[in-house]
$ cat upload.pdb   # PDB, C-alpha atoms
ATOM      1  CA  MET A   1     132.273  78.333 129.274
ATOM      2  CA  ALA A   2     129.567  75.786 130.214
ATOM      3  CA  LEU A   3     127.057  78.481 131.211
ATOM      4  CA  LYS A   4     127.666  80.460 128.026
ATOM      5  CA  GLU A   5     127.141  77.348 125.907
ATOM      6  CA  ASP A   6     123.992  76.432 127.839
ATOM      7  CA  ILE A   7     122.293  79.822 127.453
ATOM      8  CA  GLU A   8     123.217  80.135 123.798
ATOM      9  CA  ALA A   9     121.779  76.661 123.154
ATOM     10  CA  MET A  10     118.637  77.786 125.001
ATOM     11  CA  LEU A  11     118.407  80.841 122.731
ATOM     12  CA  GLU A  12     118.591  78.647 119.639
ATOM     13  CA  ARG A  13     115.796  76.427 120.993
ATOM     14  CA  GLN A  14     113.646  79.435 121.846
ATOM     15  CA  LEU A  15     114.084  80.866 118.349
ATOM     16  CA  ARG A  16     112.876  77.571 116.907
ATOM     17  CA  ASN A  17     109.966  77.024 119.284
ATOM     18  CA  TRP A  18     108.715  80.456 120.390
ATOM     19  CA  ASN A  19     107.201  82.606 117.637
ATOM     20  CA  LEU A  20     107.264  85.848 119.654
ATOM     21  CA  ALA A  21     110.972  85.538 120.431
ATOM     22  CA  ARG A  22     111.862  84.531 116.872
ATOM     23  CA  ASP A  23     109.970  87.479 115.367
ATOM     24  CA  ASN A  24     111.523  89.986 117.762
ATOM     25  CA  TYR A  25     115.094  88.714 117.282
ATOM     26  CA  ASN A  26     114.623  88.848 113.529
ATOM     27  CA  SER A  27     113.482  92.461 113.955
ATOM     28  CA  VAL A  28     116.634  93.328 115.900
ATOM     29  CA  ARG A  29     118.885  91.725 113.314
ATOM     30  CA  SER A  30     117.232  93.719 110.514
ATOM     31  CA  ALA A  31     116.752  96.921 112.547
ATOM     32  CA  LYS A  32     117.501 100.282 110.982
ATOM     33  CA  ARG A  33     120.718 101.776 112.370
ATOM     34  CA  VAL A  34     122.504 105.107 112.269
ATOM     35  CA  VAL A  35     125.917 106.005 113.721
ATOM     36  CA  LEU A  36     126.594 109.457 115.183
ATOM     37  CA  THR A  37     130.279 110.328 115.626
ATOM     38  CA  GLY A  38     131.559 112.724 118.276
ATOM     39  CA  ASP A  39     133.610 115.834 117.534
ATOM     40  CA  SER A  40     136.934 114.149 118.304
ATOM     41  CA  GLY A  41     136.195 111.285 115.928
ATOM     42  CA  ASP A  42     137.208 108.795 118.644
ATOM     43  CA  THR A  43     133.742 108.110 120.041
ATOM     44  CA  PHE A  44     130.397 107.281 118.485
ATOM     45  CA  VAL A  45     126.926 106.126 119.413
ATOM     46  CA  GLU A  46     124.635 103.888 117.412
ATOM     47  CA  LEU A  47     120.920 104.612 117.079
ATOM     48  CA  ARG A  48     118.802 101.491 116.691
ATOM     49  CA  PHE A  49     115.087 101.589 115.775
ATOM     50  CA  ILE A  50     113.333  98.754 117.645
ATOM     51  CA  PRO A  51     109.538  99.270 117.878
ATOM     52  CA  GLU A  52     109.071  96.247 120.165
ATOM     53  CA  ARG A  53     110.987  98.046 122.930
ATOM     54  CA  MET A  54     108.118 100.510 123.423
ATOM     55  CA  ARG A  55     106.774  98.402 126.314
ATOM     56  CA  SER A  56     110.037  98.981 128.206
ATOM     57  CA  THR A  57     110.582 102.600 127.172
ATOM     58  CA  ALA A  58     107.027 103.593 128.116
ATOM     59  CA  ALA A  59     106.795 101.394 131.223
ATOM     60  CA  ARG A  60     104.962 102.943 134.165
ATOM     61  CA  ILE A  61     107.115 102.429 137.237
ATOM     62  CA  ASP A  62     105.223 104.416 139.841
ATOM     63  CA  THR A  63     104.151 102.490 142.951
ATOM     64  CA  GLU A  64     100.470 102.257 142.032
ATOM     65  CA  SER A  65     101.152 101.027 138.490
ATOM     66  CA  LEU A  66     103.525  98.355 139.782
ATOM     67  CA  LYS A  67     100.892  97.149 142.245
ATOM     68  CA  ARG A  68      98.261  96.855 139.509
ATOM     69  CA  ARG A  69     100.288  94.859 136.975
ATOM     70  CA  LYS A  70     101.479  91.276 137.223
ATOM     71  CA  CYS A  71     105.280  91.031 137.481
ATOM     72  CA  PHE A  72     106.570  89.754 134.148
ATOM     73  CA  LEU A  73     109.758  88.430 135.782
ATOM     74  CA  CYS A  74     107.916  86.110 138.172
ATOM     75  CA  LEU A  75     107.803  82.565 136.841
ATOM     76  CA  ALA A  76     104.064  82.212 137.467
ATOM     77  CA  ASN A  77     103.285  85.073 135.077
ATOM     78  CA  GLN A  78     105.560  84.104 132.193
ATOM     79  CA  PRO A  79     104.621  82.509 128.848
ATOM     80  CA  GLN A  80     104.491  78.731 128.716
ATOM     81  CA  GLU A  81     107.113  78.758 125.939
ATOM     82  CA  GLN A  82     109.740  80.551 128.032
ATOM     83  CA  GLU A  83     112.607  78.315 129.172
ATOM     84  CA  THR A  84     114.636  78.800 132.337
ATOM     85  CA  ILE A  85     118.152  77.877 133.439
ATOM     86  CA  GLU A  86     118.761  78.238 137.174
ATOM     87  CA  TRP A  87     122.090  79.714 138.247
ATOM     88  CA  ASN A  88     123.844  79.886 141.604
ATOM     89  CA  GLY A  89     120.728  78.843 143.507
ATOM     90  CA  ARG A  90     119.460  82.441 143.438
ATOM     91  CA  TYR A  91     118.667  83.324 139.827
ATOM     92  CA  LYS A  92     116.973  82.135 136.666
ATOM     93  CA  ILE A  93     118.467  82.965 133.273
ATOM     94  CA  GLN A  94     116.054  83.441 130.388
ATOM     95  CA  VAL A  95     116.024  84.703 126.832
ATOM     96  CA  ASN A  96     114.767  88.280 126.783
ATOM     97  CA  PRO A  97     111.817  88.090 124.351
ATOM     98  CA  TYR A  98     111.998  91.850 123.653
ATOM     99  CA  PRO A  99     115.703  92.120 122.789
ATOM    100  CA  ILE A 100     118.072  94.983 122.176
ATOM    101  CA  PHE A 101     121.016  92.745 121.226
ATOM    102  CA  SER A 102     121.264  89.866 118.788
ATOM    103  CA  ARG A 103     121.773  87.775 121.975
ATOM    104  CA  HIS A 104     120.034  89.174 125.022
ATOM    105  CA  PHE A 105     119.384  87.467 128.365
ATOM    106  CA  THR A 106     117.683  88.418 131.633
ATOM    107  CA  ILE A 107     119.081  87.070 134.905
ATOM    108  CA  ALA A 108     116.315  87.506 137.475
ATOM    109  CA  ALA A 109     116.157  86.597 141.159
ATOM    110  CA  LEU A 110     114.094  83.490 141.869
ATOM    111  CA  GLU A 111     112.190  85.447 144.518
ATOM    112  CA  HIS A 112     110.154  88.593 143.963
ATOM    113  CA  VAL A 113     112.463  91.084 145.707
ATOM    114  CA  PRO A 114     113.180  94.752 144.844
ATOM    115  CA  GLN A 115     115.867  95.949 142.453
ATOM    116  CA  ARG A 116     118.785  96.680 144.816
ATOM    117  CA  ILE A 117     122.415  95.871 144.006
ATOM    118  CA  GLU A 118     123.625  95.711 147.603
ATOM    119  CA  GLY A 119     124.863  92.198 148.378
ATOM    120  CA  ARG A 120     124.837  91.172 144.706
ATOM    121  CA  VAL A 121     128.074  92.657 143.350
ATOM    122  CA  GLY A 122     129.836  89.303 143.714
ATOM    123  CA  ASP A 123     127.084  87.641 141.676
ATOM    124  CA  MET A 124     127.498  90.225 138.921
ATOM    125  CA  LEU A 125     131.235  89.574 138.720
ATOM    126  CA  ALA A 126     130.725  85.805 138.751
ATOM    127  CA  LEU A 127     128.294  86.112 135.849
ATOM    128  CA  ALA A 128     130.800  88.193 133.877
ATOM    129  CA  ASP A 129     133.393  85.505 134.599
ATOM    130  CA  GLU A 130     131.168  82.771 133.193
ATOM    131  CA  LEU A 131     130.003  84.769 130.169
ATOM    132  CA  PRO A 132     133.101  85.869 128.205
ATOM    133  CA  GLY A 133     132.165  87.987 125.228
ATOM    134  CA  TYR A 134     129.142  89.377 127.064
ATOM    135  CA  VAL A 135     128.599  92.461 129.176
ATOM    136  CA  VAL A 136     126.517  92.049 132.338
ATOM    137  CA  PHE A 137     124.593  95.174 133.270
ATOM    138  CA  TYR A 138     122.398  96.546 136.037
ATOM    139  CA  ASN A 139     119.804  99.313 135.818
ATOM    140  CA  GLY A 140     118.968 100.863 139.163
ATOM    141  CA  PRO A 141     115.318 101.224 140.275
ATOM    142  CA  GLU A 142     115.456 104.955 139.488
ATOM    143  CA  SER A 143     117.811 104.609 136.524
ATOM    144  CA  GLY A 144     116.096 102.811 133.696
ATOM    145  CA  ALA A 145     114.821  99.560 135.223
ATOM    146  CA  SER A 146     111.386  98.729 133.788
ATOM    147  CA  ALA A 147     110.826  96.171 136.585
ATOM    148  CA  PRO A 148     112.123  97.927 139.721
ATOM    149  CA  ASP A 149     110.035  95.582 141.873
ATOM    150  CA  HIS A 150     111.904  92.390 140.850
ATOM    151  CA  PHE A 151     115.692  92.139 141.031
ATOM    152  CA  HIS A 152     117.455  91.373 137.759
ATOM    153  CA  PHE A 153     120.657  91.748 135.793
ATOM    154  CA  GLN A 154     120.832  91.548 132.015
ATOM    155  CA  ALA A 155     123.504  90.363 129.603
ATOM    156  CA  GLY A 156     124.151  91.165 125.949
ATOM    157  CA  LEU A 157     126.964  90.823 123.442
ATOM    158  CA  ARG A 158     129.795  93.183 124.397
ATOM    159  CA  LYS A 159     130.815  93.892 120.806
ATOM    160  CA  GLU A 160     127.465  95.631 120.275
ATOM    161  CA  LEU A 161     128.155  98.272 122.950
ATOM    162  CA  PRO A 162     130.477 100.980 121.571
ATOM    163  CA  VAL A 163     131.708 102.386 124.887
ATOM    164  CA  CYS A 164     133.058  99.011 126.064
ATOM    165  CA  GLU A 165     135.611  99.043 123.264
ATOM    166  CA  GLN A 166     136.276 102.778 123.416
ATOM    167  CA  ILE A 167     136.952 103.027 127.132
ATOM    168  CA  GLY A 168     138.674  99.661 127.285
ATOM    169  CA  GLN A 169     141.499 101.140 125.213
ATOM    170  CA  CYS A 170     142.490 103.403 128.104
ATOM    171  CA  GLY A 171     142.683 100.489 130.524
ATOM    172  CA  GLU A 172     146.358  99.917 129.882
ATOM    173  CA  ARG A 173     147.091 103.454 131.070
ATOM    174  CA  HIS A 174     144.547 103.944 133.842
ATOM    175  CA  ASN A 175     143.564 101.475 136.514
ATOM    176  CA  ALA A 176     140.882 103.771 137.865
ATOM    177  CA  GLY A 177     139.587 107.038 136.588
ATOM    178  CA  LEU A 178     136.855 109.466 135.740
ATOM    179  CA  HIS A 179     136.175 109.975 132.065
ATOM    180  CA  LEU A 180     134.155 112.552 130.148
ATOM    181  CA  ASP A 181     133.660 112.055 126.425
ATOM    182  CA  ASP A 182     132.310 113.956 123.412
ATOM    183  CA  PHE A 183     128.731 113.078 124.324
ATOM    184  CA  GLY A 184     128.814 114.543 127.826
ATOM    185  CA  ARG A 185     128.868 111.215 129.628
ATOM    186  CA  ALA A 186     130.720 111.279 132.936
ATOM    187  CA  MET A 187     131.602 107.749 134.010
ATOM    188  CA  TYR A 188     133.795 105.861 136.437
ATOM    189  CA  TYR A 189     135.939 103.146 134.904
ATOM    190  CA  PHE A 190     137.946 100.539 136.818
ATOM    191  CA  LYS A 191     140.088  97.751 135.453
ATOM    192  CA  CYS A 192     140.880  95.136 138.089
ATOM    193  CA  VAL A 193     143.152  92.114 137.993
ATOM    194  CA  ASP A 194     141.105  89.895 140.296
ATOM    195  CA  LYS A 195     137.539  89.428 141.482
ATOM    196  CA  GLY A 196     138.215  90.472 145.076
ATOM    197  CA  ASP A 197     139.733  93.775 143.944
ATOM    198  CA  ALA A 198     136.782  94.414 141.617
ATOM    199  CA  GLN A 199     134.211  93.626 144.297
ATOM    200  CA  ASN A 200     135.920  95.879 146.837
ATOM    201  CA  ARG A 201     136.135  98.801 144.439
ATOM    202  CA  LEU A 202     132.553  98.585 143.250
ATOM    203  CA  THR A 203     131.138  98.011 146.736
ATOM    204  CA  GLU A 204     133.075 100.956 148.134
ATOM    205  CA  LEU A 205     131.971 103.204 145.280
ATOM    206  CA  GLN A 206     128.354 102.337 146.093
ATOM    207  CA  GLY A 207     128.885 103.772 149.556
ATOM    208  CA  ILE A 208     130.273 107.058 148.243
ATOM    209  CA  LEU A 209     127.845 107.826 145.395
ATOM    210  CA  PRO A 210     125.060 110.328 146.209
ATOM    211  CA  ALA A 211     122.073 108.579 147.799
ATOM    212  CA  GLY A 212     118.768 108.096 145.980
ATOM    213  CA  GLU A 213     115.431 107.046 147.431
ATOM    214  CA  TYR A 214     116.449 103.371 147.513
ATOM    215  CA  GLU A 215     120.160 103.324 146.624
ATOM    216  CA  PRO A 216     122.522 105.519 144.563
ATOM    217  CA  LYS A 217     121.020 106.273 141.153
ATOM    218  CA  GLN A 218     123.274 104.404 138.753
ATOM    219  CA  ASN A 219     123.853 102.119 135.825
ATOM    220  CA  VAL A 220     126.587  99.489 136.195
ATOM    221  CA  LEU A 221     128.262  97.398 133.495
ATOM    222  CA  CYS A 222     130.826  94.636 133.940
ATOM    223  CA  TRP A 223     132.797  92.439 131.556
ATOM    224  CA  THR A 224     135.971  90.369 131.465
ATOM    225  CA  ASP A 225     138.854  89.857 129.052
ATOM    226  CA  ALA A 226     138.898  86.302 127.774
ATOM    227  CA  GLY A 227     142.005  84.524 129.030
ATOM    228  CA  LYS A 228     143.380  87.574 130.884
ATOM    229  CA  HIS A 229     141.126  87.505 133.961
ATOM    230  CA  HIS A 230     140.740  91.280 133.945
ATOM    231  CA  TYR A 231     137.488  92.708 135.250
ATOM    232  CA  HIS A 232     136.202  95.909 133.679
ATOM    233  CA  LEU A 233     133.690  97.967 135.667
ATOM    234  CA  LEU A 234     131.835 100.944 134.274
ATOM    235  CA  VAL A 235     129.498 103.034 136.429
ATOM    236  CA  PHE A 236     127.293 105.876 135.182
ATOM    237  CA  PRO A 237     126.088 107.919 138.192
ATOM    238  CA  ARG A 238     122.587 109.206 137.498
ATOM    239  CA  TYR A 239     120.881 112.473 138.288
ATOM    240  CA  ARG A 240     117.399 111.593 137.050
ATOM    241  CA  HIS A 241     115.470 108.681 135.548
ATOM    242  CA  ARG A 242     114.063 110.324 132.416
ATOM    243  CA  PRO A 243     115.002 113.530 130.549
ATOM    244  CA  SER A 244     112.737 116.580 130.350
ATOM    245  CA  CYS A 245     112.062 115.861 126.649
ATOM    246  CA  TYR A 246     110.645 112.382 127.391
ATOM    247  CA  GLY A 247     107.230 111.748 125.853
ATOM    248  CA  ASP A 248     105.350 111.030 122.645
ATOM    249  CA  GLY A 249     104.119 114.549 121.825
ATOM    250  CA  ASP A 250     105.448 117.059 119.331
ATOM    251  CA  GLY A 251     109.025 118.057 120.126
ATOM    252  CA  GLN A 252     109.387 115.188 122.587
ATOM    253  CA  ILE A 253     111.498 112.037 122.317
ATOM    254  CA  MET A 254     110.277 108.613 123.450
ATOM    255  CA  TRP A 255     113.611 107.700 124.991
ATOM    256  CA  SER A 256     114.253 106.520 128.551
ATOM    257  CA  PRO A 257     118.030 105.970 128.818
ATOM    258  CA  ALA A 258     119.408 102.988 130.727
ATOM    259  CA  SER A 259     122.751 101.134 130.792
ATOM    260  CA  VAL A 260     122.705 100.148 127.129
ATOM    261  CA  ASP A 261     121.919 103.675 125.916
ATOM    262  CA  LEU A 262     124.634 105.248 128.062
ATOM    263  CA  ALA A 263     127.056 102.638 126.745
ATOM    264  CA  GLY A 264     126.464 103.927 123.220
ATOM    265  CA  LEU A 265     123.605 101.811 121.861
ATOM    266  CA  ILE A 266     120.584 104.134 121.826
ATOM    267  CA  VAL A 267     117.314 102.272 121.467
ATOM    268  CA  LEU A 268     114.412 104.211 119.947
ATOM    269  CA  PRO A 269     110.980 102.583 119.593
ATOM    270  CA  ARG A 270     109.437 105.423 117.574
ATOM    271  CA  GLU A 271     110.601 105.922 113.987
ATOM    272  CA  ALA A 272     110.042 109.689 114.040
ATOM    273  CA  ASP A 273     112.598 109.976 116.861
ATOM    274  CA  PHE A 274     115.024 107.660 115.084
ATOM    275  CA  ARG A 275     114.925 109.860 111.990
ATOM    276  CA  SER A 276     115.131 113.224 113.743
ATOM    277  CA  ILE A 277     117.431 112.816 116.738
ATOM    278  CA  THR A 278     120.741 114.706 116.503
ATOM    279  CA  ILE A 279     124.066 114.669 118.307
ATOM    280  CA  ASP A 280     122.958 117.775 120.192
ATOM    281  CA  ASP A 281     119.831 115.925 121.367
ATOM    282  CA  VAL A 282     121.949 113.003 122.588
ATOM    283  CA  ILE A 283     124.340 115.281 124.467
ATOM    284  CA  LYS A 284     121.456 117.206 126.058
ATOM    285  CA  VAL A 285     119.776 114.019 127.276
ATOM    286  CA  PHE A 286     123.007 112.472 128.581
ATOM    287  CA  CYS A 287     123.834 115.670 130.446
ATOM    288  CA  GLU A 288     120.345 115.789 131.983
ATOM    289  CA  VAL A 289     120.176 112.218 133.237
ATOM    290  CA  THR A 290     123.780 111.705 134.430
ATOM    291  CA  ARG A 291     125.767 113.456 137.127
ATOM    292  CA  ASN A 292     128.039 116.227 135.896
ATOM    293  CA  GLU A 293     131.811 116.035 135.785
ATOM    294  CA  ASP A 294     132.333 118.164 138.907
ATOM    295  CA  ASP A 295     130.053 115.948 141.019
ATOM    296  CA  CYS A 296     131.836 112.847 139.774
ATOM    297  CA  ALA A 297     135.288 114.329 140.340
ATOM    298  CA  LEU A 298     134.482 114.994 143.997
ATOM    299  CA  THR A 299     133.178 111.458 144.418
ATOM    300  CA  LEU A 300     136.265 110.002 142.757
ATOM    301  CA  GLU A 301     138.557 112.105 144.953
ATOM    302  CA  THR A 302     136.826 110.730 148.034
ATOM    303  CA  PHE A 303     137.053 107.209 146.622
ATOM    304  CA  LEU A 304     140.782 107.456 145.938
ATOM    305  CA  LYS A 305     141.392 108.747 149.450
ATOM    306  CA  GLU A 306     139.597 105.676 150.749
ATOM    307  CA  LYS A 307     141.395 103.282 148.396
ATOM    308  CA  GLU A 308     144.134 102.286 150.834
ATOM    309  CA  LYS A 309     141.520 101.359 153.412
ATOM    310  CA  ILE A 310     139.889  99.052 150.882
ATOM    311  CA  PHE A 311     143.088  97.121 150.292
ATOM    312  CA  GLN A 312     143.820  96.821 153.993
ATOM    313  CA  ARG A 313     140.541  94.991 154.657
TER     314      ARG A 313
END

$ encode --input "upload.pdb" --output "structure tokens"
Amino acid sequence: MALKEDIEAMLERQLRNWNLARDNYNSVRSAKRVVLTGDSGDTFVELRFIPERMRSTAARIDTESLKRRKCFLCLANQPQEQETIEWNGRYKIQVNPYPIFSRHFTIAALEHVPQRIEGRVGDMLALADELPGYVVFYNGPESGASAPDHFHFQAGLRKELPVCEQIGQCGERHNAGLHLDDFGRAMYYFKCVDKGDAQNRLTELQGILPAGEYEPKQNVLCWTDAGKHHYHLLVFPRYRHRPSCYGDGDGQIMWSPASVDLAGLIVLPREADFRSITIDDVIKVFCEVTRNEDDCALTLETFLKEKEKIFQR
């Protein structure tokens, strides 16, 4: 609990002393919101209008653009007001000054190294362990990361992500499984009783998912049950980074889905999109950017065949 208390105290200080952060967190807390409910009535997504997120949604992540801009996660390029808490000798935890959640943190590598999850699964689980009530998430370099040149996790309040509660309800019946919901999201969900089990499962899944240019295209979320020591892992395998409708022209939607969006909190920086987007639009985008159910089923079948080998190691 010490880490959780430390970062929350840091957030309170930043809101007192950093005008940019205070203004943006106030905007999130007063943001316009709409809930869209799926056909079954059991699932829903929340639309949240946050204009300040335009810098992330519209971020240019091609190689040339990344070379031209200063990395905003490197300490040397950050505002003087921004505080840092070092963690595990490898990361710095900071308040995200352009939040999605009412409490939103970025956990970035101390060194400027690319966004790759290999070798960092244990760190993700350890963070989830130390941050009860939060969800730790990872956006792959081709799956929503606005800084694919600098490794980072993020953390936000779990209660603000609808899918964490919805899928968690099936954890008592399924230890591992593939799920498809009303919004067309295919996802792998694992509930593990210890950290070693969770790390083995997630690491092995990484090796089975279809390869991307750098690593499997994916969004990963992790959280724990307070007092129960259960680890929940949620993986959205991706097909593409942005949907075909992405853009700011007529008939387009300025929406670049990442972990948070796929987990049911859809962040829209343009009010016209917030007012016009429908359930059909959401389903179309989710189906475009994530792998389909058949692809995922084959991957899960392979994974389950390999499961015994995991436990024998």

$ closest_residue --input "upload.pdb" --among "A:Val267, A:Val135, A:Leu36, A:Ile7" --to "Trp87 in chain A" --atoms "all atoms listed in the file"
A:Ile7

$ atom_distance --input "upload.pdb" --atom1 "CA of Ile93 in chain A" --atom2 "CA of Phe151 in chain A"
12.3 Å

$ residues_around --input "upload.pdb" --residues "His241 in chain A" --least-positions-apart "6" --cutoff "9 Å" --atoms "only C-alpha atoms" --output "VMD selection string"
chain A and resid 141 to 144 217 256 to 258 289 to 290

$ write_last_selection --input "upload.pdb" --atoms "C-alpha atoms" --output "short mmCIF file (atom, residue, chain, number, x, y, z; two decimals), in the frame of the given file"
data_model
loop_
_atom_site.label_atom_id
_atom_site.label_comp_id
_atom_site.auth_asym_id
_atom_site.auth_seq_id
_atom_site.Cartn_x
_atom_site.Cartn_y
_atom_site.Cartn_z
CA PRO A 141 115.32 101.22 140.28
CA GLU A 142 115.46 104.96 139.49
CA SER A 143 117.81 104.61 136.52
CA GLY A 144 116.10 102.81 133.70
CA LYS A 217 121.02 106.27 141.15
CA SER A 256 114.25 106.52 128.55
CA PRO A 257 118.03 105.97 128.82
CA ALA A 258 119.41 102.99 130.73
CA VAL A 289 120.18 112.22 133.24
CA THR A 290 123.78 111.70 134.43
#

$ closest_residue --input "upload.pdb" --among "A:Cys192, A:Leu66, A:Ile85, A:Val95" --to "Arg22 in chain A" --atoms "all atoms listed in the file"
A:Val95

$ resolve_selection --input "upload.pdb" --expression "the PyMOL selection byres ((chain A and resi 100) around 10)" --output "PyMOL selection string"
chain A and resi 24-25+27-29+31+48-50+52-53+96-99+101-105+156-157+160+260+265-267

$ write_last_selection --input "upload.pdb" --atoms "C-alpha atoms" --output "PDB file, keeping the file's coordinate frame"
ATOM      1  CA  ASN A  24     111.523  89.986 117.762  1.00  0.00           C
ATOM      2  CA  TYR A  25     115.094  88.714 117.282  1.00  0.00           C
ATOM      3  CA  SER A  27     113.482  92.461 113.955  1.00  0.00           C
ATOM      4  CA  VAL A  28     116.634  93.328 115.900  1.00  0.00           C
ATOM      5  CA  ARG A  29     118.885  91.725 113.314  1.00  0.00           C
ATOM      6  CA  ALA A  31     116.752  96.921 112.547  1.00  0.00           C
ATOM      7  CA  ARG A  48     118.802 101.491 116.691  1.00  0.00           C
ATOM      8  CA  PHE A  49     115.087 101.589 115.775  1.00  0.00           C
ATOM      9  CA  ILE A  50     113.333  98.754 117.645  1.00  0.00           C
ATOM     10  CA  GLU A  52     109.071  96.247 120.165  1.00  0.00           C
ATOM     11  CA  ARG A  53     110.987  98.046 122.930  1.00  0.00           C
ATOM     12  CA  ASN A  96     114.767  88.280 126.783  1.00  0.00           C
ATOM     13  CA  PRO A  97     111.817  88.090 124.351  1.00  0.00           C
ATOM     14  CA  TYR A  98     111.998  91.850 123.653  1.00  0.00           C
ATOM     15  CA  PRO A  99     115.703  92.120 122.789  1.00  0.00           C
ATOM     16  CA  PHE A 101     121.016  92.745 121.226  1.00  0.00           C
ATOM     17  CA  SER A 102     121.264  89.866 118.788  1.00  0.00           C
ATOM     18  CA  ARG A 103     121.773  87.775 121.975  1.00  0.00           C
ATOM     19  CA  HIS A 104     120.034  89.174 125.022  1.00  0.00           C
ATOM     20  CA  PHE A 105     119.384  87.467 128.365  1.00  0.00           C
ATOM     21  CA  GLY A 156     124.151  91.165 125.949  1.00  0.00           C
ATOM     22  CA  LEU A 157     126.964  90.823 123.442  1.00  0.00           C
ATOM     23  CA  GLU A 160     127.465  95.631 120.275  1.00  0.00           C
ATOM     24  CA  VAL A 260     122.705 100.148 127.129  1.00  0.00           C
ATOM     25  CA  LEU A 265     123.605 101.811 121.861  1.00  0.00           C
ATOM     26  CA  ILE A 266     120.584 104.134 121.826  1.00  0.00           C
ATOM     27  CA  VAL A 267     117.314 102.272 121.467  1.00  0.00           C
TER      28      VAL A 267
END

$ residues_around --input "upload.pdb" --residues "Gly140 in chain A" --least-positions-apart "3" --cutoff "10 Å" --atoms "all atoms listed in the file" --output "number ranges by chain"
A: 115-117, 137, 143-148, 151-153, 212, 214-220, 238, 241, 258-259

$ write_last_selection --input "upload.pdb" --atoms "C-alpha atoms" --output "CSV table (one decimal), in the coordinates of the input"
chain,number,residue,atom,x,y,z
A,115,GLN,CA,115.9,95.9,142.5
A,116,ARG,CA,118.8,96.7,144.8
A,117,ILE,CA,122.4,95.9,144.0
A,137,PHE,CA,124.6,95.2,133.3
A,143,SER,CA,117.8,104.6,136.5
A,144,GLY,CA,116.1,102.8,133.7
A,145,ALA,CA,114.8,99.6,135.2
A,146,SER,CA,111.4,98.7,133.8
A,147,ALA,CA,110.8,96.2,136.6
A,148,PRO,CA,112.1,97.9,139.7
A,151,PHE,CA,115.7,92.1,141.0
A,152,HIS,CA,117.5,91.4,137.8
A,153,PHE,CA,120.7,91.7,135.8
A,212,GLY,CA,118.8,108.1,146.0
A,214,TYR,CA,116.4,103.4,147.5
A,215,GLU,CA,120.2,103.3,146.6
A,216,PRO,CA,122.5,105.5,144.6
A,217,LYS,CA,121.0,106.3,141.2
A,218,GLN,CA,123.3,104.4,138.8
A,219,ASN,CA,123.9,102.1,135.8
A,220,VAL,CA,126.6,99.5,136.2
A,238,ARG,CA,122.6,109.2,137.5
A,241,HIS,CA,115.5,108.7,135.5
A,258,ALA,CA,119.4,103.0,130.7
A,259,SER,CA,122.8,101.1,130.8

$ closest_residue --input "upload.pdb" --among "A:Pro132, A:Pro114, A:Gly264, A:Gly89" --to "Ile167 in chain A" --atoms "all atoms listed in the file"
A:Gly264

$ resolve_selection --input "upload.pdb" --expression "the PyMOL selection byres ((chain A and resi 34) around 9)" --output "list of chain:residue names"
A:Lys32, A:Arg33, A:Val35, A:Leu36, A:Val45, A:Glu46, A:Leu47, A:Arg48, A:Phe49, A:Phe274, A:Arg275

$ closest_residue --input "upload.pdb" --among "A:Arg90, A:Lys284, A:Arg270, A:His232" --to "Met54 in chain A" --atoms "only C-alpha atoms"
A:Arg270

$ resolve_selection --input "upload.pdb" --expression "the PyMOL selection byres ((chain A and resi 186) around 10)" --output "count of residues only"
25

$ axis_aligned_box --input "upload.pdb" --around "range 33-39 of chain A" --padding-each-side "6 Å" --output "AutoDock Vina command-line options"
--center_x 127.2 --center_y 108.8 --center_z 115.3 --size_x 24.9 --size_y 26.1 --size_z 18.0

$ residues_around --input "upload.pdb" --residues "Glu5 in chain A" --least-positions-apart "6" --cutoff "10 Å" --atoms "only C-alpha atoms" --output "mmCIF file with C-alpha atoms, in the frame of the given file"
data_model
loop_
_atom_site.group_PDB
_atom_site.id
_atom_site.type_symbol
_atom_site.label_atom_id
_atom_site.label_comp_id
_atom_site.auth_asym_id
_atom_site.auth_seq_id
_atom_site.Cartn_x
_atom_site.Cartn_y
_atom_site.Cartn_z
ATOM 1 C CA LEU A 11 118.407 80.841 122.731
ATOM 2 C CA GLU A 130 131.168 82.771 133.193
ATOM 3 C CA LEU A 131 130.003 84.769 130.169
#

$ atom_distance --input "upload.pdb" --atom1 "CA of Asp273 in chain A" --atom2 "CA of Ile253 in chain A"
5.9 Å

$ closest_residue --input "upload.pdb" --among "A:Glu64, A:Gln78, A:Arg55, A:Leu3" --to "Leu268 in chain A" --atoms "only C-alpha atoms"
A:Arg55

$ atom_distance --input "upload.pdb" --atom1 "CA of Tyr246 in chain A" --atom2 "CA of Pro269 in chain A"
12.5 Å

$ closest_residue --input "upload.pdb" --among "A:Asp39, A:Asp182, A:Glu165, A:Asp281" --to "Leu234 in chain A" --atoms "all atoms listed in the file"
A:Glu165

$ residues_around --input "upload.pdb" --residues "Cys74 in chain A" --least-positions-apart "2" --cutoff "8 Å" --atoms "only C-alpha atoms" --output "list of chain:residue names"
A:Cys71, A:Phe72, A:Ala76, A:Asn77, A:Gln78, A:Leu110, A:Glu111, A:His112, A:His150
